[in-house]
$ cat start37.cif   # mmCIF, C-alpha atoms and all ligand atoms
data_entry
loop_
_atom_site.label_atom_id
_atom_site.label_comp_id
_atom_site.auth_asym_id
_atom_site.auth_seq_id
_atom_site.Cartn_x
_atom_site.Cartn_y
_atom_site.Cartn_z
CA MET A 1 101.32 42.22 165.69
CA ASN A 2 101.12 43.75 162.20
CA LYS A 3 102.93 42.26 159.22
CA LYS A 4 105.28 43.97 156.80
CA GLU A 5 103.04 42.95 153.86
CA ASP A 6 99.98 44.62 155.48
CA LEU A 7 101.83 47.93 155.78
CA ILE A 8 103.08 47.80 152.19
CA LYS A 9 99.58 46.94 150.90
CA TYR A 10 98.17 49.92 152.85
CA TRP A 11 100.76 52.26 151.27
CA ILE A 12 99.98 51.00 147.77
CA ASP A 13 96.19 51.17 148.30
CA GLU A 14 96.45 54.71 149.71
CA ASN A 15 98.80 55.84 146.93
CA ILE A 16 101.54 56.64 149.46
CA VAL A 17 104.06 54.55 147.52
CA SER A 18 103.85 53.58 143.85
CA ASP A 19 107.46 53.36 142.59
CA LYS A 20 108.38 49.68 142.15
CA ARG A 21 111.98 50.14 143.34
CA ILE A 22 110.74 51.75 146.56
CA ILE A 23 108.20 48.98 147.18
CA ASP A 24 110.87 46.37 146.51
CA ALA A 25 113.25 48.03 149.03
CA PHE A 26 110.59 48.03 151.78
CA GLN A 27 109.90 44.35 151.01
CA LYS A 28 113.57 43.40 151.28
CA ILE A 29 114.66 45.40 154.36
CA ASN A 30 113.56 44.08 157.76
CA ARG A 31 112.62 46.81 160.27
CA GLU A 32 113.12 44.32 163.13
CA ASN A 33 116.88 44.53 162.45
CA PHE A 34 116.82 48.25 163.31
CA VAL A 35 114.99 48.27 166.66
CA PRO A 36 116.20 47.23 170.12
CA GLU A 37 115.75 43.52 170.96
CA GLU A 38 112.76 44.15 173.27
CA TYR A 39 110.74 45.84 170.49
CA LYS A 40 111.31 43.30 167.70
CA ASN A 41 107.72 42.01 168.00
CA LEU A 42 106.46 45.59 167.47
CA ALA A 43 108.56 46.26 164.35
CA TYR A 44 105.61 46.43 161.92
CA ASN A 45 103.25 48.39 164.13
CA ASP A 46 102.79 51.79 162.54
CA TYR A 47 104.38 54.02 165.15
CA PRO A 48 107.86 55.29 166.11
CA LEU A 49 109.89 53.24 168.60
CA SER A 50 112.58 54.28 171.07
CA ILE A 51 116.17 53.48 170.03
CA GLY A 52 117.70 54.90 173.23
CA GLU A 53 119.53 58.22 173.74
CA GLU A 54 116.05 59.88 173.74
CA GLN A 55 115.81 59.22 169.98
CA THR A 56 113.40 57.25 167.80
CA ILE A 57 113.15 55.18 164.65
CA SER A 58 110.41 56.98 162.71
CA GLN A 59 106.92 55.59 162.11
CA PRO A 60 107.01 53.25 159.06
CA THR A 61 104.38 55.27 157.15
CA THR A 62 106.42 58.45 157.71
CA VAL A 63 109.50 56.70 156.27
CA ALA A 64 107.38 55.58 153.28
CA ILE A 65 106.04 59.13 152.70
CA MET A 66 109.50 60.75 152.95
CA THR A 67 111.06 58.14 150.67
CA SER A 68 108.37 58.71 148.01
CA LEU A 69 108.70 62.51 148.22
CA LEU A 70 112.47 62.22 147.79
CA GLU A 71 112.06 60.36 144.45
CA PRO A 72 115.29 58.36 144.86
CA LYS A 73 116.61 56.63 141.72
CA GLU A 74 119.16 53.94 140.91
CA ASP A 75 122.83 55.08 140.94
CA GLN A 76 122.15 58.34 142.81
CA LYS A 77 124.23 59.96 145.53
CA ILE A 78 122.13 60.77 148.60
CA LEU A 79 122.82 62.51 151.92
CA GLU A 80 120.70 61.73 154.97
CA ILE A 81 120.97 63.88 158.11
CA GLY A 82 119.93 61.94 161.25
CA THR A 83 120.96 58.28 160.84
CA GLY A 84 119.24 57.06 164.02
CA SER A 85 118.75 53.30 163.64
CA GLY A 86 119.95 53.21 160.00
CA TYR A 87 116.56 51.92 158.72
CA GLN A 88 115.90 54.85 156.36
CA VAL A 89 119.41 54.64 154.85
CA ALA A 90 119.05 50.88 154.41
CA ILE A 91 115.91 51.54 152.31
CA LEU A 92 117.73 54.23 150.30
CA GLY A 93 120.81 52.02 149.90
CA LYS A 94 118.66 49.27 148.33
CA ILE A 95 117.01 51.77 145.97
CA VAL A 96 120.23 53.39 144.65
CA GLY A 97 121.89 49.98 144.30
CA LYS A 98 125.57 49.16 143.73
CA GLY A 99 126.16 52.18 141.46
CA GLY A 100 124.85 54.63 144.05
CA LYS A 101 126.04 55.85 147.43
CA ILE A 102 124.39 57.03 150.63
CA THR A 103 126.15 59.20 153.19
CA SER A 104 124.39 59.59 156.52
CA VAL A 105 125.39 61.88 159.39
CA GLU A 106 124.51 61.15 163.04
CA ILE A 107 125.46 63.44 165.92
CA ILE A 108 125.20 60.82 168.74
CA PRO A 109 128.21 58.43 168.68
CA LYS A 110 126.28 55.48 170.23
CA LEU A 111 123.60 55.69 167.55
CA ALA A 112 126.15 55.93 164.72
CA GLU A 113 127.57 52.61 166.04
CA PHE A 114 124.07 51.11 166.48
CA ALA A 115 123.23 51.97 162.85
CA LYS A 116 126.49 50.48 161.52
CA LYS A 117 125.76 47.22 163.35
CA ASN A 118 122.19 47.13 162.03
CA LEU A 119 123.27 47.77 158.42
CA LYS A 120 125.68 44.81 158.62
CA LYS A 121 122.72 42.51 159.42
CA GLU A 122 121.20 43.50 156.06
CA ASN A 123 124.52 43.32 154.15
CA ILE A 124 124.22 46.95 153.07
CA THR A 125 127.62 48.09 151.79
CA ASN A 126 126.88 51.31 149.88
CA VAL A 127 126.15 53.40 153.00
CA GLU A 128 128.73 55.49 154.86
CA ILE A 129 127.87 56.62 158.40
CA ILE A 130 129.59 59.76 159.68
CA ASN A 131 129.51 60.69 163.38
CA ALA A 132 129.26 64.50 163.30
CA ASP A 133 126.92 67.48 163.47
CA GLY A 134 125.06 67.29 160.15
CA SER A 135 123.05 70.50 160.56
CA SER A 136 125.30 72.14 157.93
CA GLY A 137 125.16 69.01 155.72
CA TYR A 138 128.34 67.15 154.78
CA LYS A 139 130.30 69.26 152.31
CA LYS A 140 133.01 66.67 151.79
CA GLY A 141 130.68 64.35 149.86
CA ALA A 142 128.78 67.09 147.96
CA PRO A 143 127.14 67.55 145.52
CA TYR A 144 124.27 65.15 146.16
CA ASP A 145 121.28 64.23 143.97
CA ARG A 146 119.05 64.13 147.03
CA ILE A 147 119.17 65.28 150.66
CA LEU A 148 116.84 63.94 153.36
CA VAL A 149 116.65 65.48 156.83
CA THR A 150 115.04 63.05 159.29
CA ALA A 151 114.90 65.36 162.32
CA GLY A 152 112.77 68.48 162.75
CA THR A 153 114.62 71.54 161.47
CA PRO A 154 113.80 75.24 161.94
CA LYS A 155 114.53 75.84 158.23
CA ILE A 156 116.02 74.39 155.05
CA THR A 157 119.18 76.46 154.86
CA GLU A 158 121.01 77.64 151.75
CA THR A 159 124.03 75.79 153.21
CA LEU A 160 122.15 72.54 152.58
CA ILE A 161 120.72 73.56 149.20
CA SER A 162 124.23 74.53 148.01
CA GLN A 163 125.24 70.85 148.49
CA LEU A 164 122.54 69.71 146.06
CA ASN A 165 122.95 69.15 142.29
CA ASP A 166 120.81 71.15 139.90
CA ASN A 167 117.33 69.51 139.71
CA GLY A 168 118.17 67.89 143.05
CA ILE A 169 115.52 67.38 145.72
CA ILE A 170 115.63 68.01 149.46
CA VAL A 171 112.94 66.79 151.88
CA ALA A 172 112.72 67.86 155.53
CA PRO A 173 110.17 68.38 158.33
CA VAL A 174 110.32 72.15 158.92
CA GLY A 175 109.10 74.51 161.64
CA PHE A 176 109.65 75.83 165.16
CA ASP A 177 107.18 73.51 166.91
CA ILE A 178 108.54 69.94 166.75
CA TYR A 179 104.99 68.60 167.28
CA SER A 180 103.71 70.47 164.23
CA LEU A 181 106.31 70.44 161.46
CA THR A 182 105.51 70.87 157.76
CA MET A 183 106.93 68.13 155.52
CA THR A 184 108.68 70.32 152.96
CA LYS A 185 110.13 69.40 149.58
CA ILE A 186 112.37 71.79 147.65
CA ILE A 187 113.47 71.17 144.08
CA LYS A 188 116.57 73.15 143.10
CA LYS A 189 116.19 74.63 139.60
CA GLY A 190 119.27 76.79 139.02
CA LYS A 191 118.75 79.83 141.23
CA LYS A 192 115.06 79.01 141.62
CA ARG A 193 113.65 76.92 144.52
CA VAL A 194 110.37 75.12 143.85
CA LYS A 195 108.70 74.46 147.19
CA GLU A 196 105.94 71.97 148.04
CA GLU A 197 104.33 71.24 151.42
CA HIS A 198 103.06 67.77 152.33
CA GLY A 199 101.27 67.70 155.67
CA ILE A 200 102.07 68.02 159.36
CA PHE A 201 104.38 65.66 161.32
CA SER A 202 106.20 65.53 164.65
CA PHE A 203 109.90 64.70 164.96
CA VAL A 204 112.77 64.87 167.42
CA PRO A 205 114.70 68.13 166.86
CA LEU A 206 117.75 68.63 164.65
CA ILE A 207 120.26 70.09 167.09
CA GLY A 208 123.71 71.54 166.26
CA LYS A 209 125.12 74.64 164.61
CA GLU A 210 122.36 75.26 162.04
CA GLY A 211 119.64 73.34 163.86
CA PHE A 212 117.59 74.26 166.90
CA ASP A 213 120.68 75.15 168.97
CA SER A 214 121.28 78.17 166.71
CA ARG A 215 118.02 79.71 167.94
CA TRP A 216 119.50 80.41 171.35
CA LYS A 217 122.79 81.99 170.21
N1 LIG B 1 116.39 58.19 160.07
C1 LIG B 1 116.35 57.55 161.34
C2 LIG B 1 116.00 56.08 161.24
O1 LIG B 1 115.80 55.58 160.12
O2 LIG B 1 116.01 55.42 162.29
C3 LIG B 1 115.47 58.26 162.34
C4 LIG B 1 116.01 59.57 162.70
S1 LIG B 1 115.61 60.15 164.31
C5 LIG B 1 113.93 60.59 164.11
C6 LIG B 1 116.53 61.69 164.26
C7 LIG B 1 118.01 61.51 164.42
O3 LIG B 1 118.65 62.75 164.13
C8 LIG B 1 118.45 61.12 165.83
O4 LIG B 1 119.19 59.95 165.78
C9 LIG B 1 119.31 62.31 166.26
O5 LIG B 1 120.37 61.96 167.12
C10 LIG B 1 119.79 62.85 164.94
N2 LIG B 1 120.26 64.25 164.94
C11 LIG B 1 119.75 65.32 165.60
N3 LIG B 1 120.47 66.42 165.32
C12 LIG B 1 121.46 66.05 164.49
C13 LIG B 1 122.53 66.74 163.84
N4 LIG B 1 122.76 68.05 164.01
N5 LIG B 1 123.36 66.03 163.02
C14 LIG B 1 123.17 64.69 162.84
N6 LIG B 1 122.17 63.99 163.43
C15 LIG B 1 121.33 64.66 164.23
#
$ encode --input "start37.cif" --output "structure tokens"
Amino acid sequence: MNKKEDLIKYWIDENIVSDKRIIDAFQKINRENFVPEEYKNLAYNDYPLSIGEEQTISQPTTVAIMTSLLEPKEDQKILEIGTGSGYQVAILGKIVGKGGKITSVEIIPKLAEFAKKNLKKENITNVEIINADGSSGYKKGAPYDRILVTAGTPKITETLISQLNDNGIIVAPVGFDIYSLTMTKIIKKGKKRVKEEHGIFSFVPLIGKEGFDSRWK
């Protein structure tokens, strides 16, 4: 079994994570609190794990990469789409601290409940979980400083970008093949969109109105 410290050391050595607040959050949050009982001994192995409902908690290194790309800061307001186990929002909740707020949308009711239960184990109180289709974001809480999509999406829509503050950042795995998605970061600069691409990943699909379901309408 791997240890949490080994993973964090690997990320620092490989320059995957350098921000102290991010490192501190990964040190404090326990991934074993976000996986089903039978996988607790596998919590620090570097691969995704099943959380039921045909969904997964992402590979730890993928969570580290996405968190770094998002550049989360203290006191920010962040939207995550795809709560899953709640692990990624727990990390973000620690980083933004008491003055910040995380809203996370999950389409599967059982997983929204699973995440709420898991967040309680870590005493995270600045995260709100919404059970809904998040493929069009969550307008009610907008604007956000950051938006993170943790399921594979066919595109980063203007609907999502419109819910971002100026100079805000959105990170999402994008493409039509869920086994070969491009980790995409967009920085909103007024009417301009600055786009960066950061490697190939596989994810479960973002379904719903502006997700993969829209392809078949
Ligand atoms: N961030 C999660 C974590 O830390 O465990 C992992 C996310 S998992 C890879 C993707 C999640 O996105 C699944 O729980 C899935 O049900 C959810 N999802 C898919 N389509 C969605 C949608 N339209 N709105 C909200 N959640 C969605």
$ closest_atom_pairs --input "start37.cif" --of "chain A" --to "ligand LIG 1 (chain B)" --cutoff "9 Å" --atoms "all atoms listed in the file" --output "tab-separated table"
residue	atom	partner	partner_atom	distance
A:Phe34	CA	B:LIG1	O2	7.3
A:Val35	CA	B:LIG1	O2	8.4
A:Pro48	CA	B:LIG1	C5	8.3
A:Ile51	CA	B:LIG1	O2	8.0
A:Glu53	CA	B:LIG1	O5	7.6
A:Glu54	CA	B:LIG1	O5	8.2
A:Gln55	CA	B:LIG1	C8	5.3
A:Thr56	CA	B:LIG1	C5	5.0
A:Ile57	CA	B:LIG1	O2	3.7
A:Ser58	CA	B:LIG1	C3	5.2
A:Gln59	CA	B:LIG1	C5	8.8
A:Val63	CA	B:LIG1	O1	7.5
A:Glu80	CA	B:LIG1	N1	7.6
A:Ile81	CA	B:LIG1	C14	5.3
A:Gly82	CA	B:LIG1	O3	3.3
A:Thr83	CA	B:LIG1	N1	4.6
A:Gly84	CA	B:LIG1	O4	3.4
A:Ser85	CA	B:LIG1	O2	3.7
A:Gly86	CA	B:LIG1	O1	4.8
A:Tyr87	CA	B:LIG1	O1	4.0
A:Gln88	CA	B:LIG1	O1	3.8
A:Val89	CA	B:LIG1	O1	6.5
A:Ala90	CA	B:LIG1	O1	8.1
A:Ile91	CA	B:LIG1	O1	8.8
A:Ser104	CA	B:LIG1	C14	8.2
A:Val105	CA	B:LIG1	C14	5.0
A:Glu106	CA	B:LIG1	N6	3.7
A:Ile107	CA	B:LIG1	C14	4.0
A:Ile108	CA	B:LIG1	O5	5.2
A:Pro109	CA	B:LIG1	O5	8.7
A:Leu111	CA	B:LIG1	O4	6.4
A:Ala112	CA	B:LIG1	O4	8.1
A:Ala115	CA	B:LIG1	O2	8.0
A:Ile130	CA	B:LIG1	C14	8.7
A:Asn131	CA	B:LIG1	C14	7.5
A:Ala132	CA	B:LIG1	N5	6.1
A:Asp133	CA	B:LIG1	N5	3.9
A:Gly134	CA	B:LIG1	N5	3.6
A:Ser135	CA	B:LIG1	N4	4.2
A:Ser136	CA	B:LIG1	N4	7.8
A:Gly137	CA	B:LIG1	N5	8.1
A:Leu148	CA	B:LIG1	N1	8.8
A:Val149	CA	B:LIG1	N1	8.0
A:Thr150	CA	B:LIG1	C4	5.0
A:Ala151	CA	B:LIG1	C6	4.5
A:Gly152	CA	B:LIG1	C6	7.9
A:Thr153	CA	B:LIG1	N3	8.7
A:Phe203	CA	B:LIG1	C5	5.8
A:Val204	CA	B:LIG1	C5	5.5
A:Pro205	CA	B:LIG1	C11	5.9
A:Leu206	CA	B:LIG1	N3	3.6
A:Ile207	CA	B:LIG1	N3	4.1
A:Gly208	CA	B:LIG1	N4	4.3
A:Lys209	CA	B:LIG1	N4	7.0
A:Glu210	CA	B:LIG1	N4	7.5
A:Gly211	CA	B:LIG1	N4	6.1
A:Phe212	CA	B:LIG1	N3	8.5
A:Asp213	CA	B:LIG1	N4	8.9
$ residues_near_point --input "start37.cif" --point "(101.3, 64.1, 155.4)" --cutoff "10 Å" --atoms "all atoms listed in the file" --output "number ranges by chain"
A: 16, 61-62, 65-66, 182-184, 197-201
$ residues_around --input "start37.cif" --residues "segment 161-172 of chain A" --least-positions-apart "4" --cutoff "6 Å" --atoms "all atoms listed in the file" --output "list in words"
Ala142, Pro143, Tyr144, Asp145, Arg146, Ile147, Leu148, Val149, Met183, Thr184, Lys185, Ile186, Ile187, Lys188, Lys189 and Gly190 of chain A
$ residues_around --input "start37.cif" --residues "Glu37 of chain A" --least-positions-apart "2" --cutoff "12 Å" --atoms "all atoms listed in the file" --output "mmCIF file with C-alpha atoms, in the frame of the given file"
data_model
loop_
_atom_site.group_PDB
_atom_site.id
_atom_site.type_symbol
_atom_site.label_atom_id
_atom_site.label_comp_id
_atom_site.auth_asym_id
_atom_site.auth_seq_id
_atom_site.Cartn_x
_atom_site.Cartn_y
_atom_site.Cartn_z
ATOM 1 C CA ARG A 31 112.620 46.810 160.270
ATOM 2 C CA GLU A 32 113.120 44.320 163.130
ATOM 3 C CA ASN A 33 116.880 44.530 162.450
ATOM 4 C CA PHE A 34 116.820 48.250 163.310
ATOM 5 C CA VAL A 35 114.990 48.270 166.660
ATOM 6 C CA TYR A 39 110.740 45.840 170.490
ATOM 7 C CA LYS A 40 111.310 43.300 167.700
ATOM 8 C CA ASN A 41 107.720 42.010 168.000
ATOM 9 C CA LEU A 42 106.460 45.590 167.470
ATOM 10 C CA ALA A 43 108.560 46.260 164.350
ATOM 11 C CA LEU A 49 109.890 53.240 168.600
ATOM 12 C CA SER A 50 112.580 54.280 171.070
ATOM 13 C CA ILE A 51 116.170 53.480 170.030
ATOM 14 C CA GLY A 52 117.700 54.900 173.230
ATOM 15 C CA ASN A 118 122.190 47.130 162.030
#
$ atom_distance --input "start37.cif" --atom1 "atom CA of Val127 of chain A" --atom2 "atom CA of Leu160 of chain A"
19.6 Å
$ closest_residue --input "start37.cif" --among "A:Lys110, A:Lys20, A:Lys73, A:Lys3" --to "Tyr44 of chain A" --atoms "only C-alpha atoms"
A:Lys3
$ build_atoms --input "start37.cif" --residues "segment 140-170 of chain A" --atoms "N, CA and C atoms" --output "PDB file, keeping the file's coordinate frame"
ATOM      1  N   LYS A 140     131.976  67.532 152.359  1.00  0.00           N
ATOM      2  CA  LYS A 140     133.010  66.670 151.790  1.00  0.00           C
ATOM      3  C   LYS A 140     132.474  65.754 150.683  1.00  0.00           C
ATOM      4  N   GLY A 141     131.244  65.281 150.840  1.00  0.00           N
ATOM      5  CA  GLY A 141     130.680  64.350 149.860  1.00  0.00           C
ATOM      6  C   GLY A 141     129.847  65.032 148.782  1.00  0.00           C
ATOM      7  N   ALA A 142     129.671  66.365 148.870  1.00  0.00           N
ATOM      8  CA  ALA A 142     128.780  67.090 147.960  1.00  0.00           C
ATOM      9  C   ALA A 142     129.395  67.175 146.549  1.00  0.00           C
ATOM     10  N   PRO A 143     128.593  67.354 145.489  1.00  0.00           N
ATOM     11  CA  PRO A 143     127.140  67.550 145.520  1.00  0.00           C
ATOM     12  C   PRO A 143     126.374  66.241 145.538  1.00  0.00           C
ATOM     13  N   TYR A 144     125.149  66.311 146.078  1.00  0.00           N
ATOM     14  CA  TYR A 144     124.270  65.150 146.160  1.00  0.00           C
ATOM     15  C   TYR A 144     123.075  65.320 145.209  1.00  0.00           C
ATOM     16  N   ASP A 145     122.500  64.174 144.790  1.00  0.00           N
ATOM     17  CA  ASP A 145     121.280  64.230 143.970  1.00  0.00           C
ATOM     18  C   ASP A 145     120.054  64.473 144.853  1.00  0.00           C
ATOM     19  N   ARG A 146     120.174  64.018 146.094  1.00  0.00           N
ATOM     20  CA  ARG A 146     119.050  64.130 147.030  1.00  0.00           C
ATOM     21  C   ARG A 146     119.595  64.368 148.428  1.00  0.00           C
ATOM     22  N   ILE A 147     118.837  65.136 149.238  1.00  0.00           N
ATOM     23  CA  ILE A 147     119.170  65.280 150.660  1.00  0.00           C
ATOM     24  C   ILE A 147     117.892  65.059 151.466  1.00  0.00           C
ATOM     25  N   LEU A 148     117.994  64.220 152.503  1.00  0.00           N
ATOM     26  CA  LEU A 148     116.840  63.940 153.360  1.00  0.00           C
ATOM     27  C   LEU A 148     117.213  64.279 154.794  1.00  0.00           C
ATOM     28  N   VAL A 149     116.415  65.140 155.418  1.00  0.00           N
ATOM     29  CA  VAL A 149     116.650  65.480 156.830  1.00  0.00           C
ATOM     30  C   VAL A 149     115.585  64.739 157.643  1.00  0.00           C
ATOM     31  N   THR A 150     116.022  63.867 158.561  1.00  0.00           N
ATOM     32  CA  THR A 150     115.040  63.050 159.290  1.00  0.00           C
ATOM     33  C   THR A 150     114.918  63.481 160.755  1.00  0.00           C
ATOM     34  N   ALA A 151     115.177  64.769 161.016  1.00  0.00           N
ATOM     35  CA  ALA A 151     114.900  65.360 162.320  1.00  0.00           C
ATOM     36  C   ALA A 151     114.257  66.722 162.026  1.00  0.00           C
ATOM     37  N   GLY A 152     113.471  67.222 162.988  1.00  0.00           N
ATOM     38  CA  GLY A 152     112.770  68.480 162.750  1.00  0.00           C
ATOM     39  C   GLY A 152     113.737  69.644 162.694  1.00  0.00           C
ATOM     40  N   THR A 153     113.658  70.440 161.639  1.00  0.00           N
ATOM     41  CA  THR A 153     114.620  71.540 161.470  1.00  0.00           C
ATOM     42  C   THR A 153     113.892  72.882 161.380  1.00  0.00           C
ATOM     43  N   PRO A 154     114.457  73.932 162.001  1.00  0.00           N
ATOM     44  CA  PRO A 154     113.800  75.240 161.940  1.00  0.00           C
ATOM     45  C   PRO A 154     113.673  75.763 160.509  1.00  0.00           C
ATOM     46  N   LYS A 155     114.636  75.415 159.635  1.00  0.00           N
ATOM     47  CA  LYS A 155     114.530  75.840 158.230  1.00  0.00           C
ATOM     48  C   LYS A 155     115.403  74.983 157.329  1.00  0.00           C
ATOM     49  N   ILE A 156     115.115  75.028 156.023  1.00  0.00           N
ATOM     50  CA  ILE A 156     116.020  74.390 155.050  1.00  0.00           C
ATOM     51  C   ILE A 156     116.977  75.487 154.622  1.00  0.00           C
ATOM     52  N   THR A 157     118.222  75.375 155.063  1.00  0.00           N
ATOM     53  CA  THR A 157     119.180  76.460 154.860  1.00  0.00           C
ATOM     54  C   THR A 157     119.784  76.423 153.465  1.00  0.00           C
ATOM     55  N   GLU A 158     120.285  77.586 153.032  1.00  0.00           N
ATOM     56  CA  GLU A 158     121.010  77.640 151.750  1.00  0.00           C
ATOM     57  C   GLU A 158     122.292  76.808 151.824  1.00  0.00           C
ATOM     58  N   THR A 159     122.836  76.646 153.047  1.00  0.00           N
ATOM     59  CA  THR A 159     124.030  75.790 153.210  1.00  0.00           C
ATOM     60  C   THR A 159     123.714  74.393 152.692  1.00  0.00           C
ATOM     61  N   LEU A 160     122.536  73.872 153.038  1.00  0.00           N
ATOM     62  CA  LEU A 160     122.150  72.540 152.580  1.00  0.00           C
ATOM     63  C   LEU A 160     121.867  72.539 151.078  1.00  0.00           C
ATOM     64  N   ILE A 161     121.100  73.522 150.628  1.00  0.00           N
ATOM     65  CA  ILE A 161     120.720  73.560 149.200  1.00  0.00           C
ATOM     66  C   ILE A 161     121.963  73.675 148.314  1.00  0.00           C
ATOM     67  N   SER A 162     122.998  74.369 148.816  1.00  0.00           N
ATOM     68  CA  SER A 162     124.230  74.530 148.010  1.00  0.00           C
ATOM     69  C   SER A 162     124.944  73.196 147.803  1.00  0.00           C
ATOM     70  N   GLN A 163     124.592  72.173 148.625  1.00  0.00           N
ATOM     71  CA  GLN A 163     125.240  70.850 148.490  1.00  0.00           C
ATOM     72  C   GLN A 163     124.439  69.907 147.576  1.00  0.00           C
ATOM     73  N   LEU A 164     123.429  70.493 146.920  1.00  0.00           N
ATOM     74  CA  LEU A 164     122.540  69.710 146.060  1.00  0.00           C
ATOM     75  C   LEU A 164     122.870  70.000 144.589  1.00  0.00           C
ATOM     76  N   ASN A 165     122.814  68.955 143.744  1.00  0.00           N
ATOM     77  CA  ASN A 165     122.950  69.150 142.290  1.00  0.00           C
ATOM     78  C   ASN A 165     121.777  69.942 141.750  1.00  0.00           C
ATOM     79  N   ASP A 166     121.941  70.497 140.545  1.00  0.00           N
ATOM     80  CA  ASP A 166     120.810  71.150 139.900  1.00  0.00           C
ATOM     81  C   ASP A 166     119.745  70.084 139.641  1.00  0.00           C
ATOM     82  N   ASN A 167     118.482  70.443 139.787  1.00  0.00           N
ATOM     83  CA  ASN A 167     117.330  69.510 139.710  1.00  0.00           C
ATOM     84  C   ASN A 167     117.312  68.522 140.869  1.00  0.00           C
ATOM     85  N   GLY A 168     118.162  68.748 141.866  1.00  0.00           N
ATOM     86  CA  GLY A 168     118.170  67.890 143.050  1.00  0.00           C
ATOM     87  C   GLY A 168     116.977  68.206 143.953  1.00  0.00           C
ATOM     88  N   ILE A 169     116.699  67.256 144.832  1.00  0.00           N
ATOM     89  CA  ILE A 169     115.520  67.380 145.720  1.00  0.00           C
ATOM     90  C   ILE A 169     115.966  67.255 147.171  1.00  0.00           C
ATOM     91  N   ILE A 170     115.396  68.134 148.019  1.00  0.00           N
ATOM     92  CA  ILE A 170     115.630  68.010 149.460  1.00  0.00           C
ATOM     93  C   ILE A 170     114.267  67.887 150.155  1.00  0.00           C
TER      94      ILE A 170
END
